[in-house]
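Colleague: Provided herewith is a single structure, encoded as structure tokens, for subsequent inquiry.
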There are 4 protein chains.
Amino acid sequence: MGVTMDGTKQQRRGNTRQRIQDVALELFAEQGYEKTSLREIAERLDVTKAALYYHFKTKEEIIVSLFEDLTQPIQELIDWGQGQPHTLETKQEIVRRYSRALAGAEPLFRFMQENQATVRELRIGDSFKDKMRDLRDIVIDPESSLVEQVRCVSALFTLHAGMFVMQDLEGDFEKRREAVLEVALDLVRQAHEGARRES
Amino acid sequence: MGVTMDGTKQQRRGNTRQRIQDVALELFAEQGYEKTSLREIAERLDVTKAALYYHFKTKEEIIVSLFEDLTQPIQELIDWGQGQPHTLETKQEIVRRYSRALAGAEPLFRFMQENQATVRELRIGDSFKDKMRDLRDIVIDPESSLVEQVRCVSALFTLHAGMFVMQDLEGDFEKRREAVLEVALDLVRQAHEGARRES
Amino acid sequence: MGVTMDGTKQQRRGNTRQRIQDVALELFAEQGYEKTSLREIAERLDVTKAALYYHFKTKEEIIVSLFEDLTQPIQELIDWGQGQPHTLETKQEIVRRYSRALAGAEPLFRFMQENQATVRELRIGDSFKDKMRDLRDIVIDPESSLVEQVRCVSALFTLHAGMFVMQDLEGDFEKRREAVLEVALDLVRQAHEGARRES
Amino acid sequence: MGVTMDGTKQQRRGNTRQRIQDVALELFAEQGYEKTSLREIAERLDVTKAALYYHFKTKEEIIVSLFEDLTQPIQELIDWGQGQPHTLETKQEIVRRYSRALAGAEPLFRFMQENQATVRELRIGDSFKDKMRDLRDIVIDPESSLVEQVRCVSALFTLHAGMFVMQDLEGDFEKRREAVLEVALDLVRQAHEGARRES
DNA sequence: AATGAATGAGGGTTCATTCAT
DNA sequence: AATGAATGAACCCTCATTCAT
């Protein structure tokens, strides 16, 4: 029942879990986590609230699942980076790939950025912080001065800012991303050179 | 009869209004706006919820009042900056003062940073965005290339990041603030020089 | 203090009780008793809620006082009527005077008409019902048939309807009042004649 | 599985919706709309307040639903009346049927009568006023004098008065209804004859 | 795979009222 | 004659969650 030749209905039925995630992410990113109610999500999907509970045990689990799915590229990036030598080239490649990862899951990262207080209280909070720290530790040279360390962190956060707060600068999304990337790479290079000068 | 030594309005009022603001800011910064209930605020103050409504018409008005009170230094900074020539020195002075302003109202800015989604929906949202843009426009050279513009925004954002996300770097608060400031000033200088080279 | 030569301020201050009654009646008639809050009344008068409590012990007392003040003409009418012989002329005079009394305290009677459920629960409820019954018993001939009795009640009720529900009929207020009065007088006359025919 | 003999929607729903309406009408008629709280309704039904919200979006919607359900006979009466010639017989038939309709939904009409101020602010207010006007316009002869028009409106309002304010006259409900009806029919006849005499 | 019906807890808000000053 | 500050009770409403079907 409900299985048609071309499978449209089945597809629509079959991937409800996915559809919940899509709608939830959209709404979470738009209005925040607490202001988005399950009723709202359910209504947009034209199912009942109870249906959501068939697929997810709690509201929190919805966002956890989103986080786990969409954060995987970041984890892979970390895994890759940790296996590389701490050269400038590695660091810059990390920055390049991170920029791409952010762009690839923009709504999630916008959500994380704009709902930090919420995220902190959620189960994902620590996990996310860990990833951020891992990433930072690849880019940072632990023996360098505090100023150079800040430069590195600044590089990473410049990427974030580029995603979420520079939307009224001139240029389209891609142009902006390139400019942001250039600044970030520059920061990393300066930090690297600064560290060499110190030692 | 409620008239104290200095006789300020706040104090004549039995300073409950002020106490509400203090507790509210503390809780808002700690748990976020939506997760903080008026019941909670009232309980901490050992008054009833209704008492809050004697001093503030709505929950939103509490945070608006906080914003208006604590954001004043930023506005003064903007006013000052808009009256200065667009020299490198001006820009750097803006950065220095902004860093101090952020440090002076840390809980509020932490709150704004961590509850952007909430803030966006509040009445203060636009007002805050305006201030940020004003500030940016003082530091940015509108004729410079996109990259140099990004560098400026990055400078400002580095100050934010320094406040709220670098807490596990080595060094105490003041040391960190100095390092962050140095990086931000550097970014502004680079942007300024970059712009001159272009033209 | 506050006493000026021409006494304007004093007057304004001196008759606060009256002003409360005026504003209260206006708002009660407009929005109903329960939907009108003391805050609203106080705000219109530019005093605090607590000031109302200097003049009236409770919200209910405000409306009771209005009722007692404005209902006096009706009571006088009843007193007069009960001392007259039960002639047609007496009955019609009652109707004429009642019509005038209604017109003279229109907001109060509109309020009574439109908030019967509320009035019923108030202390004034019974008192008002009593007056209505007294009035009716003057107009009605207790030995006449039920139909003729209904005609009399209908006469009184027509006066009410004329006040409050015929506002979109043609003619101005006074024209309408005359027409309504004519119909009511007619009903009383018919009832009177009907009763004579029966006996 | 909730499917009963006649299988109506109401009953399949476990008829809670219907029960809410019943209890609500009873309480609204008894105490008025504002003085009846949802807590009270819920308690009588031995469900939680939240359950009410499953069936009705707001408190107002409860009364709107009652109005829409119980007012239907009036609407049908209007529809019928508007298709008939404006003869005396039609008018009198309207009056007869209206009397029956009022008797058939007494609690609702008592409520409307006794809570006019409330009703006016509700969504149903205008709709009800419209119906009253439609009804009136069927009974009234627009070319007749104001007095005769008043007589017609008076006829309709006599029916109301008969429902709600003549309860302490002698006779049982049905006897009273007949007497009231007779007076109302008489008024319509007089208005009709008066109009013919005029032209 | 999903619904209908309901719950318990809590939300922000408003009210009439009080009382020391 | 009136205010400032506060209270307690209640209000309507929304939420995440549950569970039998």
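Labels for the structure tokens follow display order: chains A, B, ..., residues from 1 in each chain, ligands from 1.
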Rotate and translate chain C onto chain A via least squares on all in-order Cα pairs, then write the result as a PDB file with C-alpha atoms, in the first residue's frame.
Modeller:
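Generated file (part_19.pdb):
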```
ATOM      1  CA  MET C   1      -0.646   0.434   0.263  1.00  0.00           C
ATOM      2  CA  GLY C   2       0.852   3.711  -0.712  1.00  0.00           C
ATOM      3  CA  VAL C   3       3.412   1.989  -2.945  1.00  0.00           C
ATOM      4  CA  THR C   4       3.095   3.329  -6.445  1.00  0.00           C
ATOM      5  CA  MET C   5       4.833   2.306  -9.647  1.00  0.00           C
ATOM      6  CA  ASP C   6       7.209   5.199  -9.795  1.00  0.00           C
ATOM      7  CA  GLY C   7       7.627   5.216  -6.094  1.00  0.00           C
ATOM      8  CA  THR C   8       6.954   8.891  -5.555  1.00  0.00           C
ATOM      9  CA  LYS C   9       4.591   8.343  -2.712  1.00  0.00           C
ATOM     10  CA  GLN C  10       6.752   5.667  -1.252  1.00  0.00           C
ATOM     11  CA  GLN C  11       9.714   7.950  -1.449  1.00  0.00           C
ATOM     12  CA  ARG C  12       7.834  10.706   0.159  1.00  0.00           C
ATOM     13  CA  ARG C  13       6.749   8.314   2.830  1.00  0.00           C
ATOM     14  CA  GLY C  14       9.974   6.426   3.077  1.00  0.00           C
ATOM     15  CA  ASN C  15      12.254   9.287   3.901  1.00  0.00           C
ATOM     16  CA  THR C  16      10.206  11.043   6.507  1.00  0.00           C
ATOM     17  CA  ARG C  17      13.165  10.992   8.836  1.00  0.00           C
ATOM     18  CA  GLN C  18      15.170  12.928   6.309  1.00  0.00           C
ATOM     19  CA  ARG C  19      12.352  15.354   5.704  1.00  0.00           C
ATOM     20  CA  ILE C  20      12.038  15.997   9.404  1.00  0.00           C
ATOM     21  CA  GLN C  21      15.720  16.790   9.553  1.00  0.00           C
ATOM     22  CA  ASP C  22      15.482  19.130   6.610  1.00  0.00           C
ATOM     23  CA  VAL C  23      12.563  21.091   7.937  1.00  0.00           C
ATOM     24  CA  ALA C  24      13.916  21.128  11.446  1.00  0.00           C
ATOM     25  CA  LEU C  25      17.267  22.475  10.355  1.00  0.00           C
ATOM     26  CA  GLU C  26      15.620  25.128   8.283  1.00  0.00           C
ATOM     27  CA  LEU C  27      13.452  26.274  11.160  1.00  0.00           C
ATOM     28  CA  PHE C  28      16.166  25.989  13.778  1.00  0.00           C
ATOM     29  CA  ALA C  29      18.478  28.101  11.656  1.00  0.00           C
ATOM     30  CA  GLU C  30      15.778  30.624  11.004  1.00  0.00           C
ATOM     31  CA  GLN C  31      14.223  31.067  14.425  1.00  0.00           C
ATOM     32  CA  GLY C  32      16.445  29.309  16.867  1.00  0.00           C
ATOM     33  CA  TYR C  33      16.041  26.025  18.659  1.00  0.00           C
ATOM     34  CA  GLU C  34      13.762  26.986  21.511  1.00  0.00           C
ATOM     35  CA  LYS C  35      11.493  29.155  19.442  1.00  0.00           C
ATOM     36  CA  THR C  36      10.909  26.308  17.021  1.00  0.00           C
ATOM     37  CA  SER C  37       8.252  23.956  18.315  1.00  0.00           C
ATOM     38  CA  LEU C  38       7.614  20.426  17.258  1.00  0.00           C
ATOM     39  CA  ARG C  39       4.131  21.485  16.325  1.00  0.00           C
ATOM     40  CA  GLU C  40       5.606  23.865  13.794  1.00  0.00           C
ATOM     41  CA  ILE C  41       7.842  21.213  12.305  1.00  0.00           C
ATOM     42  CA  ALA C  42       5.008  18.727  12.129  1.00  0.00           C
ATOM     43  CA  GLU C  43       2.677  21.213  10.504  1.00  0.00           C
ATOM     44  CA  ARG C  44       5.148  22.031   7.777  1.00  0.00           C
ATOM     45  CA  LEU C  45       5.488  18.352   7.032  1.00  0.00           C
ATOM     46  CA  ASP C  46       1.779  17.805   7.253  1.00  0.00           C
ATOM     47  CA  VAL C  47       2.126  15.064   9.811  1.00  0.00           C
ATOM     48  CA  THR C  48       1.252  14.966  13.487  1.00  0.00           C
ATOM     49  CA  LYS C  49       3.628  15.703  16.293  1.00  0.00           C
ATOM     50  CA  ALA C  50       3.398  12.098  17.335  1.00  0.00           C
ATOM     51  CA  ALA C  51       4.884  11.074  14.001  1.00  0.00           C
ATOM     52  CA  LEU C  52       8.063  12.915  14.887  1.00  0.00           C
ATOM     53  CA  TYR C  53       8.346  10.735  17.932  1.00  0.00           C
ATOM     54  CA  TYR C  54       8.356   7.651  15.804  1.00  0.00           C
ATOM     55  CA  HIS C  55      11.582   8.837  14.231  1.00  0.00           C
ATOM     56  CA  PHE C  56      13.224  10.676  17.096  1.00  0.00           C
ATOM     57  CA  LYS C  57      12.993  10.025  20.785  1.00  0.00           C
ATOM     58  CA  THR C  58      13.155  13.697  21.774  1.00  0.00           C
ATOM     59  CA  LYS C  59      13.437  17.139  20.307  1.00  0.00           C
ATOM     60  CA  GLU C  60      17.062  17.204  21.295  1.00  0.00           C
ATOM     61  CA  GLU C  61      17.702  14.047  19.333  1.00  0.00           C
ATOM     62  CA  ILE C  62      16.652  15.784  16.162  1.00  0.00           C
ATOM     63  CA  ILE C  63      19.318  18.369  16.482  1.00  0.00           C
ATOM     64  CA  VAL C  64      21.867  15.862  17.697  1.00  0.00           C
ATOM     65  CA  SER C  65      21.251  13.793  14.600  1.00  0.00           C
ATOM     66  CA  LEU C  66      21.682  16.860  12.423  1.00  0.00           C
ATOM     67  CA  PHE C  67      24.865  17.682  14.180  1.00  0.00           C
ATOM     68  CA  GLU C  68      26.238  14.194  13.819  1.00  0.00           C
ATOM     69  CA  ASP C  69      25.378  13.963  10.165  1.00  0.00           C
ATOM     70  CA  LEU C  70      26.582  17.353   9.107  1.00  0.00           C
ATOM     71  CA  THR C  71      29.622  17.583  11.286  1.00  0.00           C
ATOM     72  CA  GLN C  72      31.239  14.532   9.859  1.00  0.00           C
ATOM     73  CA  PRO C  73      33.304  16.436   7.279  1.00  0.00           C
ATOM     74  CA  ILE C  74      34.788  18.460  10.094  1.00  0.00           C
ATOM     75  CA  GLN C  75      35.731  15.309  11.936  1.00  0.00           C
ATOM     76  CA  GLU C  76      37.344  13.911   8.825  1.00  0.00           C
ATOM     77  CA  LEU C  77      39.219  17.137   8.438  1.00  0.00           C
ATOM     78  CA  ILE C  78      40.513  16.853  11.964  1.00  0.00           C
ATOM     79  CA  ASP C  79      41.500  13.243  11.478  1.00  0.00           C
ATOM     80  CA  TRP C  80      43.387  14.178   8.346  1.00  0.00           C
ATOM     81  CA  GLY C  81      45.061  17.140   9.914  1.00  0.00           C
ATOM     82  CA  GLN C  82      46.254  15.259  12.942  1.00  0.00           C
ATOM     83  CA  GLY C  83      48.132  12.864  10.684  1.00  0.00           C
ATOM     84  CA  GLN C  84      49.998  15.616   8.868  1.00  0.00           C
ATOM     85  CA  PRO C  85      53.213  17.418   9.815  1.00  0.00           C
ATOM     86  CA  HIS C  86      52.756  20.848  11.394  1.00  0.00           C
ATOM     87  CA  THR C  87      53.913  22.746   8.375  1.00  0.00           C
ATOM     88  CA  LEU C  88      52.561  26.011   7.092  1.00  0.00           C
ATOM     89  CA  GLU C  89      51.159  24.187   4.109  1.00  0.00           C
ATOM     90  CA  THR C  90      49.204  21.787   6.322  1.00  0.00           C
ATOM     91  CA  LYS C  91      47.765  24.644   8.344  1.00  0.00           C
ATOM     92  CA  GLN C  92      46.701  26.529   5.293  1.00  0.00           C
ATOM     93  CA  GLU C  93      45.140  23.455   3.794  1.00  0.00           C
ATOM     94  CA  ILE C  94      43.162  23.015   7.003  1.00  0.00           C
ATOM     95  CA  VAL C  95      41.882  26.529   6.651  1.00  0.00           C
ATOM     96  CA  ARG C  96      40.976  25.976   3.019  1.00  0.00           C
ATOM     97  CA  ARG C  97      39.097  22.796   3.739  1.00  0.00           C
ATOM     98  CA  TYR C  98      37.407  24.217   6.785  1.00  0.00           C
ATOM     99  CA  SER C  99      36.126  27.081   4.722  1.00  0.00           C
ATOM    100  CA  ARG C 100      34.683  24.606   2.263  1.00  0.00           C
ATOM    101  CA  ALA C 101      33.167  22.520   5.026  1.00  0.00           C
ATOM    102  CA  LEU C 102      31.458  25.560   6.518  1.00  0.00           C
ATOM    103  CA  ALA C 103      30.040  26.512   3.160  1.00  0.00           C
ATOM    104  CA  GLY C 104      28.802  22.962   2.665  1.00  0.00           C
ATOM    105  CA  ALA C 105      26.676  22.906   5.763  1.00  0.00           C
ATOM    106  CA  GLU C 106      25.857  26.543   6.085  1.00  0.00           C
ATOM    107  CA  PRO C 107      22.486  26.278   7.836  1.00  0.00           C
ATOM    108  CA  LEU C 108      23.860  24.055  10.568  1.00  0.00           C
ATOM    109  CA  PHE C 109      26.813  26.311  11.230  1.00  0.00           C
ATOM    110  CA  ARG C 110      24.676  29.377  11.148  1.00  0.00           C
ATOM    111  CA  PHE C 111      22.534  27.680  13.724  1.00  0.00           C
ATOM    112  CA  MET C 112      25.525  26.794  15.897  1.00  0.00           C
ATOM    113  CA  GLN C 113      26.817  30.317  15.599  1.00  0.00           C
ATOM    114  CA  GLU C 114      23.560  31.989  16.483  1.00  0.00           C
ATOM    115  CA  ASN C 115      22.444  29.655  19.233  1.00  0.00           C
ATOM    116  CA  GLN C 116      25.592  29.151  21.212  1.00  0.00           C
ATOM    117  CA  ALA C 117      23.811  29.494  24.515  1.00  0.00           C
ATOM    118  CA  THR C 118      21.400  26.782  23.547  1.00  0.00           C
ATOM    119  CA  VAL C 119      24.019  24.543  22.056  1.00  0.00           C
ATOM    120  CA  ARG C 120      26.071  24.807  25.181  1.00  0.00           C
ATOM    121  CA  GLU C 121      23.299  23.193  27.204  1.00  0.00           C
ATOM    122  CA  LEU C 122      22.686  20.477  24.672  1.00  0.00           C
ATOM    123  CA  ARG C 123      24.511  17.189  24.506  1.00  0.00           C
ATOM    124  CA  ILE C 124      26.299  18.311  21.376  1.00  0.00           C
ATOM    125  CA  GLY C 125      27.819  21.315  23.074  1.00  0.00           C
ATOM    126  CA  ASP C 126      30.904  19.659  24.418  1.00  0.00           C
ATOM    127  CA  SER C 127      31.423  17.576  21.359  1.00  0.00           C
ATOM    128  CA  PHE C 128      31.441  20.694  19.250  1.00  0.00           C
ATOM    129  CA  LYS C 129      33.788  22.515  21.526  1.00  0.00           C
ATOM    130  CA  ASP C 130      36.138  19.546  21.337  1.00  0.00           C
ATOM    131  CA  LYS C 131      36.173  19.665  17.584  1.00  0.00           C
ATOM    132  CA  MET C 132      36.884  23.365  17.598  1.00  0.00           C
ATOM    133  CA  ARG C 133      39.757  22.836  19.967  1.00  0.00           C
ATOM    134  CA  ASP C 134      41.155  19.985  17.927  1.00  0.00           C
ATOM    135  CA  LEU C 135      41.037  22.120  14.852  1.00  0.00           C
ATOM    136  CA  ARG C 136      42.676  24.993  16.617  1.00  0.00           C
ATOM    137  CA  ASP C 137      45.444  22.843  17.951  1.00  0.00           C
ATOM    138  CA  ILE C 138      46.352  21.749  14.487  1.00  0.00           C
ATOM    139  CA  VAL C 139      46.667  25.302  13.279  1.00  0.00           C
ATOM    140  CA  ILE C 140      48.304  26.692  16.386  1.00  0.00           C
ATOM    141  CA  ASP C 141      51.956  26.253  17.232  1.00  0.00           C
ATOM    142  CA  PRO C 142      51.812  25.643  21.005  1.00  0.00           C
ATOM    143  CA  GLU C 143      55.254  27.084  21.558  1.00  0.00           C
ATOM    144  CA  SER C 144      54.570  30.358  19.812  1.00  0.00           C
ATOM    145  CA  SER C 145      53.707  33.521  21.654  1.00  0.00           C
ATOM    146  CA  LEU C 146      50.170  34.328  22.725  1.00  0.00           C
ATOM    147  CA  VAL C 147      49.856  36.902  19.985  1.00  0.00           C
ATOM    148  CA  GLU C 148      50.596  34.385  17.267  1.00  0.00           C
ATOM    149  CA  GLN C 149      48.172  31.948  18.821  1.00  0.00           C
ATOM    150  CA  VAL C 150      45.486  34.579  18.789  1.00  0.00           C
ATOM    151  CA  ARG C 151      46.254  35.198  15.132  1.00  0.00           C
ATOM    152  CA  CYS C 152      45.445  31.589  14.397  1.00  0.00           C
ATOM    153  CA  VAL C 153      42.212  31.546  16.304  1.00  0.00           C
ATOM    154  CA  SER C 154      41.346  34.778  14.619  1.00  0.00           C
ATOM    155  CA  ALA C 155      41.895  33.109  11.266  1.00  0.00           C
ATOM    156  CA  LEU C 156      39.340  30.437  12.076  1.00  0.00           C
ATOM    157  CA  PHE C 157      36.939  32.911  13.503  1.00  0.00           C
ATOM    158  CA  THR C 158      37.257  35.072  10.460  1.00  0.00           C
ATOM    159  CA  LEU C 159      35.917  32.187   8.444  1.00  0.00           C
ATOM    160  CA  HIS C 160      32.893  32.078  10.695  1.00  0.00           C
ATOM    161  CA  ALA C 161      32.352  35.791  10.532  1.00  0.00           C
ATOM    162  CA  GLY C 162      32.610  35.564   6.787  1.00  0.00           C
ATOM    163  CA  MET C 163      29.763  33.076   6.726  1.00  0.00           C
ATOM    164  CA  PHE C 164      27.334  34.795   8.934  1.00  0.00           C
ATOM    165  CA  VAL C 165      27.957  38.421   9.529  1.00  0.00           C
ATOM    166  CA  MET C 166      29.383  39.927   6.403  1.00  0.00           C
ATOM    167  CA  GLN C 167      26.338  39.471   4.309  1.00  0.00           C
ATOM    168  CA  ASP C 168      25.950  43.111   3.584  1.00  0.00           C
ATOM    169  CA  LEU C 169      29.422  43.610   2.228  1.00  0.00           C
ATOM    170  CA  GLU C 170      29.692  43.924  -1.524  1.00  0.00           C
ATOM    171  CA  GLY C 171      30.169  40.860  -3.692  1.00  0.00           C
ATOM    172  CA  ASP C 172      28.353  37.621  -3.970  1.00  0.00           C
ATOM    173  CA  PHE C 173      28.733  34.673  -1.688  1.00  0.00           C
ATOM    174  CA  GLU C 174      31.629  33.052  -3.536  1.00  0.00           C
ATOM    175  CA  LYS C 175      33.552  36.306  -3.951  1.00  0.00           C
ATOM    176  CA  ARG C 176      33.222  36.953  -0.278  1.00  0.00           C
ATOM    177  CA  ARG C 177      34.309  33.494   0.630  1.00  0.00           C
ATOM    178  CA  GLU C 178      37.463  33.922  -1.407  1.00  0.00           C
ATOM    179  CA  ALA C 179      38.309  37.219   0.217  1.00  0.00           C
ATOM    180  CA  VAL C 180      37.667  35.823   3.660  1.00  0.00           C
ATOM    181  CA  LEU C 181      39.803  32.831   2.863  1.00  0.00           C
ATOM    182  CA  GLU C 182      42.641  35.056   1.739  1.00  0.00           C
ATOM    183  CA  VAL C 183      42.601  36.997   4.980  1.00  0.00           C
ATOM    184  CA  ALA C 184      42.502  33.809   7.015  1.00  0.00           C
ATOM    185  CA  LEU C 185      45.393  32.269   5.094  1.00  0.00           C
ATOM    186  CA  ASP C 186      47.323  35.449   5.606  1.00  0.00           C
ATOM    187  CA  LEU C 187      46.767  35.333   9.331  1.00  0.00           C
ATOM    188  CA  VAL C 188      47.994  31.781   9.500  1.00  0.00           C
ATOM    189  CA  ARG C 189      51.058  32.643   7.478  1.00  0.00           C
ATOM    190  CA  GLN C 190      51.851  35.582   9.695  1.00  0.00           C
ATOM    191  CA  ALA C 191      51.459  33.436  12.767  1.00  0.00           C
ATOM    192  CA  HIS C 192      53.759  30.846  11.301  1.00  0.00           C
ATOM    193  CA  GLU C 193      56.426  33.357  10.393  1.00  0.00           C
ATOM    194  CA  GLY C 194      56.087  35.088  13.694  1.00  0.00           C
ATOM    195  CA  ALA C 195      56.689  31.841  15.498  1.00  0.00           C
ATOM    196  CA  ARG C 196      59.852  31.137  13.506  1.00  0.00           C
ATOM    197  CA  ARG C 197      61.193  34.565  14.220  1.00  0.00           C
ATOM    198  CA  GLU C 198      60.641  34.056  17.931  1.00  0.00           C
ATOM    199  CA  SER C 199      62.549  30.820  18.197  1.00  0.00           C
TER     200      SER C 199
END
```
Colleague: Which residues of chain F have any atom within 10 Å of an atom in chain D when counting only C-alpha atoms (C1' of nucleotides), and what is the closest pair of atoms for each, with the distance in Å to one decimal? Order the rows by chain and rising number and write it as CSV.
Modeller:
```
residue,atom,partner,partner_atom,distance
F:DA10,C1',D:Ser37,CA,9.2
F:DC11,C1',D:Ser37,CA,7.8
F:DC12,C1',D:Lys59,CA,7.9
F:DC13,C1',D:Thr58,CA,8.0
F:DT14,C1',D:Ala50,CA,8.8
F:DT21,C1',D:Met1,CA,7.5
```
Colleague: Do me a favour and pick out the residues of chain E within 8 Å of chain A, using only C-alpha atoms (C1' of nucleotides), as JSON, numbers by chain.
Modeller: {"E": [1, 2, 3]}
Colleague: What is the C1' of DT7 in chain E to C1' of DA20 in chain F distance in Å?
Modeller: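 Distance reported for this atom pair: 14.3 Å.
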Colleague: Give the helix (DSSP H, G or I) residues of range 52-142 of chain B, as DSSP finds them on the backbone, and put them as a PyMOL selection string.
Modeller: chain B and resi 52-55+59-70+72-82+88-104+106-114+116-121+124-139
Colleague: Quick one, how far is C1' of DC15 in chain F from C1' of DT14 in chain E?
Modeller: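 Interatomic distance, C1' of DC15 in chain F to C1' of DT14 in chain E: 21.7 Å.
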Colleague: Please compute the C1' of DT17 in chain F-C1' of DG11 in chain E distance, one decimal, in Å.
Modeller: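 That distance, rounded to one decimal, is 16.6 Å.
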